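**Student:** Handing over input-v3.cif, mmCIF, C-alpha atoms.
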```cif
data_coords
loop_
_atom_site.label_atom_id
_atom_site.label_comp_id
_atom_site.auth_asym_id
_atom_site.auth_seq_id
_atom_site.Cartn_x
_atom_site.Cartn_y
_atom_site.Cartn_z
CA LYS R 221 140.84 101.27 78.48
CA ALA R 222 137.91 101.56 76.08
CA GLY R 223 134.74 103.14 77.39
CA VAL R 224 131.17 101.95 77.16
CA THR R 225 130.16 101.48 73.55
CA GLN R 226 126.59 101.69 72.36
CA THR R 227 125.36 100.84 68.90
CA PRO R 228 123.72 102.14 66.86
CA ARG R 229 124.05 105.81 67.81
CA TYR R 230 121.03 106.91 65.81
CA LEU R 231 118.11 105.03 64.35
CA ILE R 232 114.70 105.73 62.94
CA LYS R 233 111.86 103.25 63.12
CA THR R 234 108.14 103.31 62.44
CA ARG R 235 105.33 102.46 64.82
CA GLY R 236 104.83 98.75 65.30
CA GLN R 237 108.39 97.79 64.45
CA GLN R 238 110.87 96.45 66.94
CA VAL R 239 114.39 97.55 67.74
CA THR R 240 117.46 96.04 69.38
CA LEU R 241 120.13 98.18 70.96
CA SER R 242 123.55 96.95 71.96
CA CYS R 243 125.91 97.89 74.76
CA SER R 244 129.49 96.78 75.35
CA PRO R 245 130.63 97.64 78.87
CA ILE R 246 134.09 98.57 80.02
CA SER R 247 136.29 95.51 80.23
CA GLY R 248 135.93 93.88 83.63
CA HIS R 249 132.59 95.49 84.43
CA ARG R 250 129.93 92.89 85.11
CA SER R 251 126.97 95.15 85.76
CA VAL R 252 125.08 96.86 82.94
CA SER R 253 122.14 99.22 83.45
CA TRP R 254 119.82 100.76 80.89
CA TYR R 255 118.06 104.12 81.11
CA GLN R 256 115.55 105.94 78.95
CA GLN R 257 115.97 109.69 78.74
CA THR R 258 113.27 112.00 77.42
CA PRO R 259 112.92 115.79 77.80
CA GLY R 260 109.85 115.54 79.97
CA GLN R 261 110.68 112.53 82.13
CA GLY R 262 114.40 112.80 82.71
CA LEU R 263 116.34 109.60 83.33
CA GLN R 264 114.08 106.60 83.76
CA PHE R 265 115.63 103.33 84.92
CA LEU R 266 114.81 100.36 82.70
CA PHE R 267 116.74 97.41 84.09
CA GLU R 268 120.08 96.21 85.37
CA TYR R 269 121.93 93.03 84.59
CA PHE R 270 124.73 91.42 86.52
CA SER R 271 126.45 88.23 85.42
CA GLU R 272 123.68 87.48 82.90
CA THR R 273 120.92 87.89 85.49
CA GLN R 274 118.43 90.71 85.71
CA ARG R 275 118.62 91.90 89.29
CA ASN R 276 116.61 95.11 89.12
CA LYS R 277 113.83 96.32 86.90
CA GLY R 278 112.11 99.66 86.43
CA ASN R 279 108.48 100.37 85.78
CA PHE R 280 108.24 99.80 82.03
CA PRO R 281 105.82 97.63 80.05
CA GLY R 282 106.77 94.16 78.93
CA ARG R 283 107.55 95.47 75.45
CA PHE R 284 110.89 96.48 76.91
CA SER R 285 113.22 93.58 77.51
CA GLY R 286 116.91 92.97 77.83
CA ARG R 287 119.56 90.38 78.26
CA GLN R 288 123.21 90.05 79.08
CA PHE R 289 125.69 87.69 77.56
CA SER R 290 128.54 85.80 79.18
CA ASN R 291 131.03 88.45 78.02
CA SER R 292 128.90 91.10 79.84
CA ARG R 293 127.69 92.68 76.62
CA SER R 294 124.04 93.58 76.86
CA GLU R 295 121.17 94.14 74.49
CA MET R 296 117.80 95.71 75.01
CA ASN R 297 114.81 95.17 72.79
CA VAL R 298 111.66 97.19 72.35
CA SER R 299 108.83 95.51 70.48
CA THR R 300 105.75 97.07 68.92
CA LEU R 301 107.25 100.54 68.96
CA GLU R 302 105.10 103.51 69.91
CA LEU R 303 105.68 107.19 69.23
CA GLY R 304 106.37 107.71 72.94
CA ASP R 305 109.33 105.37 72.78
CA SER R 306 111.32 108.05 70.99
CA ALA R 307 114.15 108.78 73.39
CA LEU R 308 117.83 108.59 74.12
CA TYR R 309 118.62 105.15 75.51
CA LEU R 310 121.65 105.14 77.75
CA CYS R 311 123.67 102.19 78.89
CA ALA R 312 125.95 102.31 81.91
CA SER R 313 128.38 99.80 83.33
CA SER R 314 129.86 99.52 86.78
CA PHE R 315 132.46 97.50 88.58
CA GLY R 316 132.87 98.49 92.19
CA SER R 317 130.56 98.49 95.14
CA ALA R 318 130.08 102.26 95.35
CA GLY R 319 127.55 102.41 92.54
CA GLU R 320 129.61 104.65 90.26
CA LEU R 321 128.30 104.36 86.72
CA PHE R 322 130.15 104.76 83.45
CA PHE R 323 127.86 105.79 80.62
CA GLY R 324 127.95 105.27 76.90
CA GLU R 325 126.99 108.05 74.50
CA GLY R 326 123.55 106.59 74.00
CA SER R 327 121.37 105.38 71.17
CA ARG R 328 118.91 107.97 69.94
CA LEU R 329 115.73 106.30 68.75
CA THR R 330 113.14 108.16 66.72
CA VAL R 331 109.80 106.48 66.13
CA LEU R 332 107.72 107.86 63.26
CA ALA G 170 113.58 103.80 99.92
CA GLN G 171 115.82 106.51 98.59
CA SER G 172 115.15 109.60 96.54
CA VAL G 173 116.86 112.65 95.11
CA THR G 174 115.42 116.13 94.72
CA GLN G 175 117.09 118.70 92.53
CA LEU G 176 115.72 122.16 93.08
CA GLY G 177 115.38 124.06 89.84
CA SER G 178 115.15 122.26 86.53
CA HIS G 179 116.72 125.29 84.83
CA VAL G 180 119.36 127.60 86.29
CA SER G 181 120.88 130.62 84.53
CA VAL G 182 124.07 132.35 85.62
CA SER G 183 126.28 134.97 84.08
CA GLU G 184 129.74 134.04 82.93
CA GLY G 185 132.09 134.48 85.88
CA ALA G 186 129.33 134.20 88.47
CA LEU G 187 128.97 131.55 91.15
CA VAL G 188 127.30 128.32 90.13
CA LEU G 189 125.11 126.67 92.76
CA LEU G 190 123.05 123.60 91.89
CA ARG G 191 121.01 122.16 94.72
CA CYS G 192 120.53 118.52 95.58
CA ASN G 193 118.76 116.98 98.54
CA TYR G 194 118.47 113.28 99.14
CA SER G 195 116.75 110.81 101.36
CA SER G 196 118.18 107.48 102.31
CA SER G 197 117.63 105.12 105.21
CA VAL G 198 121.31 104.20 105.27
CA PRO G 199 124.49 106.24 104.74
CA PRO G 200 124.56 106.87 101.01
CA TYR G 201 127.15 107.43 98.36
CA LEU G 202 126.47 110.62 96.42
CA PHE G 203 127.37 111.62 92.88
CA TRP G 204 127.13 114.48 90.44
CA TYR G 205 127.13 113.72 86.73
CA VAL G 206 127.24 116.13 83.80
CA GLN G 207 125.72 115.60 80.37
CA TYR G 208 126.63 117.66 77.33
CA PRO G 209 124.25 117.72 74.35
CA ASN G 210 123.94 114.42 72.52
CA GLN G 211 126.32 112.69 74.88
CA GLY G 212 126.12 110.30 77.78
CA LEU G 213 126.64 111.24 81.40
CA GLN G 214 130.10 111.60 82.86
CA LEU G 215 131.08 111.67 86.49
CA LEU G 216 131.92 115.10 87.93
CA LEU G 217 132.57 114.06 91.50
CA LYS G 218 131.54 111.60 94.16
CA TYR G 219 131.27 111.27 97.92
CA THR G 220 131.69 107.86 99.47
CA THR G 221 133.33 108.27 102.89
CA GLY G 222 135.80 110.60 104.54
CA ALA G 223 136.13 114.29 103.79
CA THR G 224 132.76 115.88 103.26
CA LEU G 225 134.03 118.51 100.81
CA VAL G 226 134.65 116.78 97.54
CA LYS G 227 136.49 118.29 94.58
CA GLY G 228 135.76 117.19 91.06
CA ILE G 229 136.72 117.94 87.52
CA ASN G 230 136.44 121.33 85.81
CA GLY G 231 136.65 123.25 89.10
CA PHE G 232 133.43 121.88 90.59
CA GLU G 233 133.06 120.85 94.20
CA ALA G 234 130.28 119.63 96.47
CA GLU G 235 129.82 119.35 100.19
CA PHE G 236 128.04 116.49 101.90
CA LYS G 237 125.95 117.83 104.77
CA LYS G 238 124.36 114.96 106.63
CA SER G 239 122.30 117.17 108.93
CA GLU G 240 120.73 118.90 105.94
CA THR G 241 120.67 115.77 103.72
CA SER G 242 122.19 117.91 101.01
CA PHE G 243 124.93 117.59 98.42
CA HIS G 244 124.94 120.91 96.57
CA LEU G 245 127.28 121.45 93.62
CA THR G 246 129.23 124.68 93.34
CA LYS G 247 131.78 126.37 91.13
CA PRO G 248 133.17 129.81 91.99
CA SER G 249 133.19 131.18 88.45
CA ALA G 250 131.01 129.92 85.61
CA HIS G 251 132.49 129.38 82.17
CA MET G 252 130.58 129.14 78.92
CA SER G 253 131.70 125.53 78.59
CA ASP G 254 129.83 124.68 81.81
CA ALA G 255 126.50 124.91 80.00
CA ALA G 256 125.12 121.40 80.28
CA GLU G 257 122.66 119.29 82.26
CA TYR G 258 123.68 118.16 85.72
CA PHE G 259 122.35 115.14 87.55
CA CYS G 260 122.63 114.35 91.23
CA ALA G 261 122.48 110.67 92.18
CA VAL G 262 122.37 108.65 95.37
CA SER G 263 123.57 105.10 95.76
CA ALA G 264 122.71 102.93 98.73
CA PRO G 265 122.90 99.22 99.42
CA ARG G 266 119.88 97.11 98.61
CA GLY G 267 119.79 93.35 98.54
CA GLY G 268 123.56 92.98 98.35
CA TYR G 269 124.22 95.57 95.67
CA GLN G 270 124.06 99.30 95.22
CA LYS G 271 120.82 100.82 93.95
CA VAL G 272 121.33 104.11 92.12
CA THR G 273 118.64 106.78 91.97
CA PHE G 274 118.95 109.93 89.85
CA GLY G 275 117.43 113.33 90.27
CA ILE G 276 115.43 114.94 87.48
CA GLY G 277 118.40 117.00 86.33
CA THR G 278 119.20 120.71 86.22
CA LYS G 279 120.00 122.47 82.96
CA LEU G 280 122.61 125.14 83.47
CA GLN G 281 122.63 128.09 81.09
CA VAL G 282 125.64 130.41 81.14
CA ILE G 283 124.96 133.91 79.86
CA PRO G 284 127.88 135.78 78.31
#
```
What does the file become when written as structure tokens?
**Tutor:**
Amino acid sequence: KAGVTQTPRYLIKTRGQQVTLSCSPISGHRSVSWYQQTPGQGLQFLFEYFSETQRNKGNFPGRFSGRQFSNSRSEMNVSTLELGDSALYLCASSFGSAGELFFGEGSRLTVL
Amino acid sequence: AQSVTQLGSHVSVSEGALVLLRCNYSSSVPPYLFWYVQYPNQGLQLLLKYTTGATLVKGINGFEAEFKKSETSFHLTKPSAHMSDAAEYFCAVSAPRGGYQKVTFGIGTKLQVIP
């Protein structure tokens, strides 16, 4: 069974640009969560999607948005990039009711 | 509300020494508890989990953790550290909220293994 796939793995953008990150969950998993990881802040929860509906959202500005498609693949978008958006963005999928998460390897975004 | 506290953002141990990473949680309902490990430039992978049943849980790579309800703790241990254990470890709690499980992570503990 293939794991969680995130693309791209690395990207460099400049301030003011926007970026879209993609996440393909494990087959059969309907829940996808996104996290931002930075050295100083640890893992910060962005949002979670289940069956194309956002059912939980973290405390991030509106520049951060996401969506989920009917095949459970998810994208997140960050508009008007700021230097502080430089981070590792992690996607995780889950299937069962216990809350166990399966993570992708992340997309490392650098904003110059 | 639920929360996770990991004591010590950085822990150093000598190779062959006991590894002890501390995790305390708060939850208004019986939680599920997890430890994840993250190697550099990788995502998180599950080390072990407690859902119900036996309170001593064994995971991969020789790690184990014990759920102690009275102490609201779920500390991670390994009898003998190996160089390959150097990584960041995250404790997480999952509890039901609005019909699904809400997952909360601790801040993480970086483990350094000294040869």
**Student:** For chain G against chain R, which residues fall within 10 Å using only C-alpha atoms, given as a PyMOL selection string?
**Tutor:** chain G and resi 200-203+205+207+210-215+217-220+259+261-265+267-278
**Student:** Name the residues that the PyMOL selection byres ((chain G and resi 235) around 6) pulls out of this structure, and write them as a PDB file with C-alpha atoms, in the frame of the given file.
**Tutor:**
```pdb
ATOM      1  CA  THR G 224     132.760 115.880 103.260  1.00  0.00           C
ATOM      2  CA  LEU G 225     134.030 118.510 100.810  1.00  0.00           C
ATOM      3  CA  ALA G 234     130.280 119.630  96.470  1.00  0.00           C
ATOM      4  CA  PHE G 236     128.040 116.490 101.900  1.00  0.00           C
ATOM      5  CA  PHE G 243     124.930 117.590  98.420  1.00  0.00           C
TER       6      PHE G 243
END
```
**Student:** Is there a way to get, as a PDB file with C-alpha atoms, keeping the file's coordinate frame, all residues within 8 Å of the point (117.8, 129.3, 83.4) in file coordinates, counting all atoms listed in the file?
**Tutor:**
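Everything below was put into part04.pdb:
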```
ATOM      1  CA  HIS G 179     116.720 125.290  84.830  1.00  0.00           C
ATOM      2  CA  VAL G 180     119.360 127.600  86.290  1.00  0.00           C
ATOM      3  CA  SER G 181     120.880 130.620  84.530  1.00  0.00           C
ATOM      4  CA  VAL G 182     124.070 132.350  85.620  1.00  0.00           C
ATOM      5  CA  LYS G 279     120.000 122.470  82.960  1.00  0.00           C
ATOM      6  CA  LEU G 280     122.610 125.140  83.470  1.00  0.00           C
ATOM      7  CA  GLN G 281     122.630 128.090  81.090  1.00  0.00           C
TER       8      GLN G 281
END
```
**Student:** For the file shown, report as a list of chain:residue names the outcome of the PyMOL selection byres ((chain R and resi 314) around 6) at residue level.
**Tutor:** R:His249, R:Ser251, R:Ser313, R:Phe315, R:Leu321
**Student:** Within 8 Å of Leu301 (chain R), counting all atoms listed in the file, which residues show up once you throw out same-chain ones fewer than 3 positions away? Write them as a PyMOL selection string, please.
**Tutor:** chain R and resi 233-239+298+305+331
**Student:** Go through the shown structure with the PyMOL selection byres ((chain R and resi 246) around 8) and write out the matching residues as a list in words.
**Tutor:**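 Output of the PyMOL selection byres ((chain R and resi 246) around 8): Lys221, Ala222, Gly223, Val224, Ser244, Pro245, Ser247, Gly248, His249 and Ser313 of chain R.
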**Student:** Could you please determine the separation between CA of Val188 (chain G) and CA of Glu233 (chain G) in Å, to one decimal place?
**Tutor:**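 Interatomic distance, CA of Val188 (chain G) to CA of Glu233 (chain G): 10.3 Å.
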**Student:** Using all atoms listed in the file, pick whichever of R:Ser242, R:Thr300, R:Thr330, R:Ser306 has the shortest atom-to-atom distance to Arg287 (chain R).
**Tutor:**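 Using all atoms listed in the file, the shortest distance to Arg287 (chain R) belongs to R:Ser242.
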**Student:** For a test of reading the model, state the distance in Å between CA of Gln257 (chain R) and CA of Gln171 (chain G), rounded to one decimal.
**Tutor:** 20.1 Å
**Student:** Could you give me, as JSON, numbers by chain, the residues within 8 Å of Arg283 (chain R), counting only C-alpha atoms and dropping anything in the same chain fewer than 2 positions from it?
**Tutor:** {"R": [280, 281, 285, 297, 298, 299, 300]}
**Student:** Please report the interatomic distance between CA of Lys237 (chain G) and CA of Ser196 (chain G) in Å with one decimal.
**Tutor:**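 If I compute the distance from CA of Lys237 (chain G) to CA of Ser196 (chain G), I get 13.2 Å.
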**Student:** If we count only C-alpha atoms, what is near Ser253 (chain G) at a cut-off of 10 Å, once residues fewer than 2 positions away on the same chain are taken out, given as a VMD selection string?
**Tutor:** chain G and resid 184 208 230 250 to 251 255 to 256 281 to 282
**Student:** Nearest to Tyr230 (chain R): which of R:Thr258, R:Leu329, R:Met296, R:Glu272 is it, counting all atoms listed in the file?
**Tutor:**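 Of the candidates, the smallest distance to Tyr230 (chain R) is held by R:Leu329.
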**Student:** Nearest to Tyr255 (chain R): which of R:Gln288, R:Leu303, R:Phe267, R:Thr225 is it, counting only C-alpha atoms?
**Tutor:**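 The shortest atom-to-atom distance to Tyr255 (chain R) comes from R:Phe267.
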**Student:** G:Arg266, G:Thr221, G:Lys227, G:Ala186: which is nearest Met252 (chain G), counting only C-alpha atoms?
**Tutor:**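 Comparing G:Arg266, G:Thr221, G:Lys227, G:Ala186 against Met252 (chain G), the winner is G:Ala186.
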**Student:** Considering only C-alpha atoms, can you say which of G:Leu187, G:Ser197, G:Ser178, G:Cys192 comes closest to Gly231 (chain G)?
**Tutor:**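 Nearest to Gly231 (chain G): G:Leu187.
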**Student:** With all heavy atoms retained, output region 272-283 of chain G as a PDB file, in the first residue's frame.
**Tutor:**
```pdb
ATOM      1  N   VAL G 272      -6.739  15.491  17.463  1.00  0.00           N
ATOM      2  CA  VAL G 272      -5.365  15.125  17.815  1.00  0.00           C
ATOM      3  C   VAL G 272      -4.589  16.377  18.204  1.00  0.00           C
ATOM      4  O   VAL G 272      -4.616  17.374  17.494  1.00  0.00           O
ATOM      5  CB  VAL G 272      -4.665  14.431  16.632  1.00  0.00           C
ATOM      6  CG1 VAL G 272      -3.237  14.040  17.033  1.00  0.00           C
ATOM      7  CG2 VAL G 272      -5.442  13.195  16.193  1.00  0.00           C
ATOM      8  N   THR G 273      -3.925  16.307  19.344  1.00  0.00           N
ATOM      9  CA  THR G 273      -3.093  17.412  19.815  1.00  0.00           C
ATOM     10  C   THR G 273      -1.681  16.894  20.051  1.00  0.00           C
ATOM     11  O   THR G 273      -1.492  15.862  20.704  1.00  0.00           O
ATOM     12  CB  THR G 273      -3.656  18.000  21.121  1.00  0.00           C
ATOM     13  OG1 THR G 273      -4.992  18.455  20.899  1.00  0.00           O
ATOM     14  CG2 THR G 273      -2.799  19.159  21.605  1.00  0.00           C
ATOM     15  N   PHE G 274      -0.691  17.615  19.520  1.00  0.00           N
ATOM     16  CA  PHE G 274       0.707  17.217  19.654  1.00  0.00           C
ATOM     17  C   PHE G 274       1.410  18.039  20.724  1.00  0.00           C
ATOM     18  O   PHE G 274       1.092  19.207  20.957  1.00  0.00           O
ATOM     19  CB  PHE G 274       1.446  17.420  18.328  1.00  0.00           C
ATOM     20  CG  PHE G 274       1.156  16.372  17.311  1.00  0.00           C
ATOM     21  CD1 PHE G 274       0.093  16.504  16.442  1.00  0.00           C
ATOM     22  CD2 PHE G 274       1.944  15.235  17.220  1.00  0.00           C
ATOM     23  CE1 PHE G 274      -0.185  15.540  15.485  1.00  0.00           C
ATOM     24  CE2 PHE G 274       1.678  14.252  16.274  1.00  0.00           C
ATOM     25  CZ  PHE G 274       0.612  14.407  15.415  1.00  0.00           C
ATOM     26  N   GLY G 275       2.407  17.417  21.336  1.00  0.00           N
ATOM     27  CA  GLY G 275       3.317  18.149  22.187  1.00  0.00           C
ATOM     28  C   GLY G 275       4.327  18.889  21.340  1.00  0.00           C
ATOM     29  O   GLY G 275       4.368  18.748  20.108  1.00  0.00           O
ATOM     30  N   ILE G 276       5.170  19.668  22.000  1.00  0.00           N
ATOM     31  CA  ILE G 276       6.129  20.537  21.313  1.00  0.00           C
ATOM     32  C   ILE G 276       7.289  19.753  20.716  1.00  0.00           C
ATOM     33  O   ILE G 276       8.008  20.246  19.855  1.00  0.00           O
ATOM     34  CB  ILE G 276       6.645  21.626  22.273  1.00  0.00           C
ATOM     35  CG1 ILE G 276       7.331  22.756  21.509  1.00  0.00           C
ATOM     36  CG2 ILE G 276       7.538  21.039  23.324  1.00  0.00           C
ATOM     37  CD1 ILE G 276       6.383  23.633  20.730  1.00  0.00           C
ATOM     38  N   GLY G 277       7.476  18.528  21.169  1.00  0.00           N
ATOM     39  CA  GLY G 277       8.551  17.687  20.653  1.00  0.00           C
ATOM     40  C   GLY G 277       9.777  17.702  21.540  1.00  0.00           C
ATOM     41  O   GLY G 277      10.065  18.698  22.217  1.00  0.00           O
ATOM     42  N   THR G 278      10.501  16.599  21.550  1.00  0.00           N
ATOM     43  CA  THR G 278      11.759  16.474  22.283  1.00  0.00           C
ATOM     44  C   THR G 278      12.820  15.950  21.333  1.00  0.00           C
ATOM     45  O   THR G 278      12.641  14.879  20.741  1.00  0.00           O
ATOM     46  CB  THR G 278      11.640  15.500  23.472  1.00  0.00           C
ATOM     47  OG1 THR G 278      10.680  15.999  24.403  1.00  0.00           O
ATOM     48  CG2 THR G 278      12.982  15.342  24.177  1.00  0.00           C
ATOM     49  N   LYS G 279      13.897  16.711  21.194  1.00  0.00           N
ATOM     50  CA  LYS G 279      15.006  16.266  20.353  1.00  0.00           C
ATOM     51  C   LYS G 279      15.946  15.416  21.191  1.00  0.00           C
ATOM     52  O   LYS G 279      16.440  15.868  22.222  1.00  0.00           O
ATOM     53  CB  LYS G 279      15.745  17.467  19.766  1.00  0.00           C
ATOM     54  CG  LYS G 279      15.020  18.094  18.600  1.00  0.00           C
ATOM     55  CD  LYS G 279      15.870  19.121  17.882  1.00  0.00           C
ATOM     56  CE  LYS G 279      15.117  19.664  16.686  1.00  0.00           C
ATOM     57  NZ  LYS G 279      15.829  20.754  15.996  1.00  0.00           N
ATOM     58  N   LEU G 280      16.162  14.212  20.739  1.00  0.00           N
ATOM     59  CA  LEU G 280      17.040  13.291  21.447  1.00  0.00           C
ATOM     60  C   LEU G 280      18.404  13.269  20.767  1.00  0.00           C
ATOM     61  O   LEU G 280      18.510  12.997  19.562  1.00  0.00           O
ATOM     62  CB  LEU G 280      16.442  11.886  21.459  1.00  0.00           C
ATOM     63  CG  LEU G 280      17.315  10.798  22.085  1.00  0.00           C
ATOM     64  CD1 LEU G 280      17.494  11.051  23.584  1.00  0.00           C
ATOM     65  CD2 LEU G 280      16.714   9.411  21.844  1.00  0.00           C
ATOM     66  N   GLN G 281      19.427  13.561  21.536  1.00  0.00           N
ATOM     67  CA  GLN G 281      20.808  13.470  21.057  1.00  0.00           C
ATOM     68  C   GLN G 281      21.454  12.264  21.722  1.00  0.00           C
ATOM     69  O   GLN G 281      21.328  12.087  22.949  1.00  0.00           O
ATOM     70  CB  GLN G 281      21.594  14.736  21.411  1.00  0.00           C
ATOM     71  CG  GLN G 281      23.042  14.704  20.964  1.00  0.00           C
ATOM     72  CD  GLN G 281      23.843  15.898  21.480  1.00  0.00           C
ATOM     73  OE1 GLN G 281      23.502  16.507  22.489  1.00  0.00           O
ATOM     74  NE2 GLN G 281      24.916  16.234  20.777  1.00  0.00           N
ATOM     75  N   VAL G 282      22.116  11.432  20.946  1.00  0.00           N
ATOM     76  CA  VAL G 282      22.808  10.265  21.492  1.00  0.00           C
ATOM     77  C   VAL G 282      24.307  10.488  21.337  1.00  0.00           C
ATOM     78  O   VAL G 282      24.802  10.659  20.214  1.00  0.00           O
ATOM     79  CB  VAL G 282      22.373   8.974  20.790  1.00  0.00           C
ATOM     80  CG1 VAL G 282      23.085   7.775  21.408  1.00  0.00           C
ATOM     81  CG2 VAL G 282      20.862   8.793  20.885  1.00  0.00           C
ATOM     82  N   ILE G 283      24.989  10.478  22.453  1.00  0.00           N
ATOM     83  CA  ILE G 283      26.429  10.778  22.469  1.00  0.00           C
ATOM     84  C   ILE G 283      27.220   9.475  22.435  1.00  0.00           C
ATOM     85  O   ILE G 283      26.978   8.592  23.244  1.00  0.00           O
ATOM     86  CB  ILE G 283      26.781  11.579  23.734  1.00  0.00           C
ATOM     87  CG1 ILE G 283      25.942  12.857  23.779  1.00  0.00           C
ATOM     88  CG2 ILE G 283      28.271  11.905  23.765  1.00  0.00           C
ATOM     89  CD1 ILE G 283      25.981  13.550  25.115  1.00  0.00           C
TER      90      ILE G 283
END
```
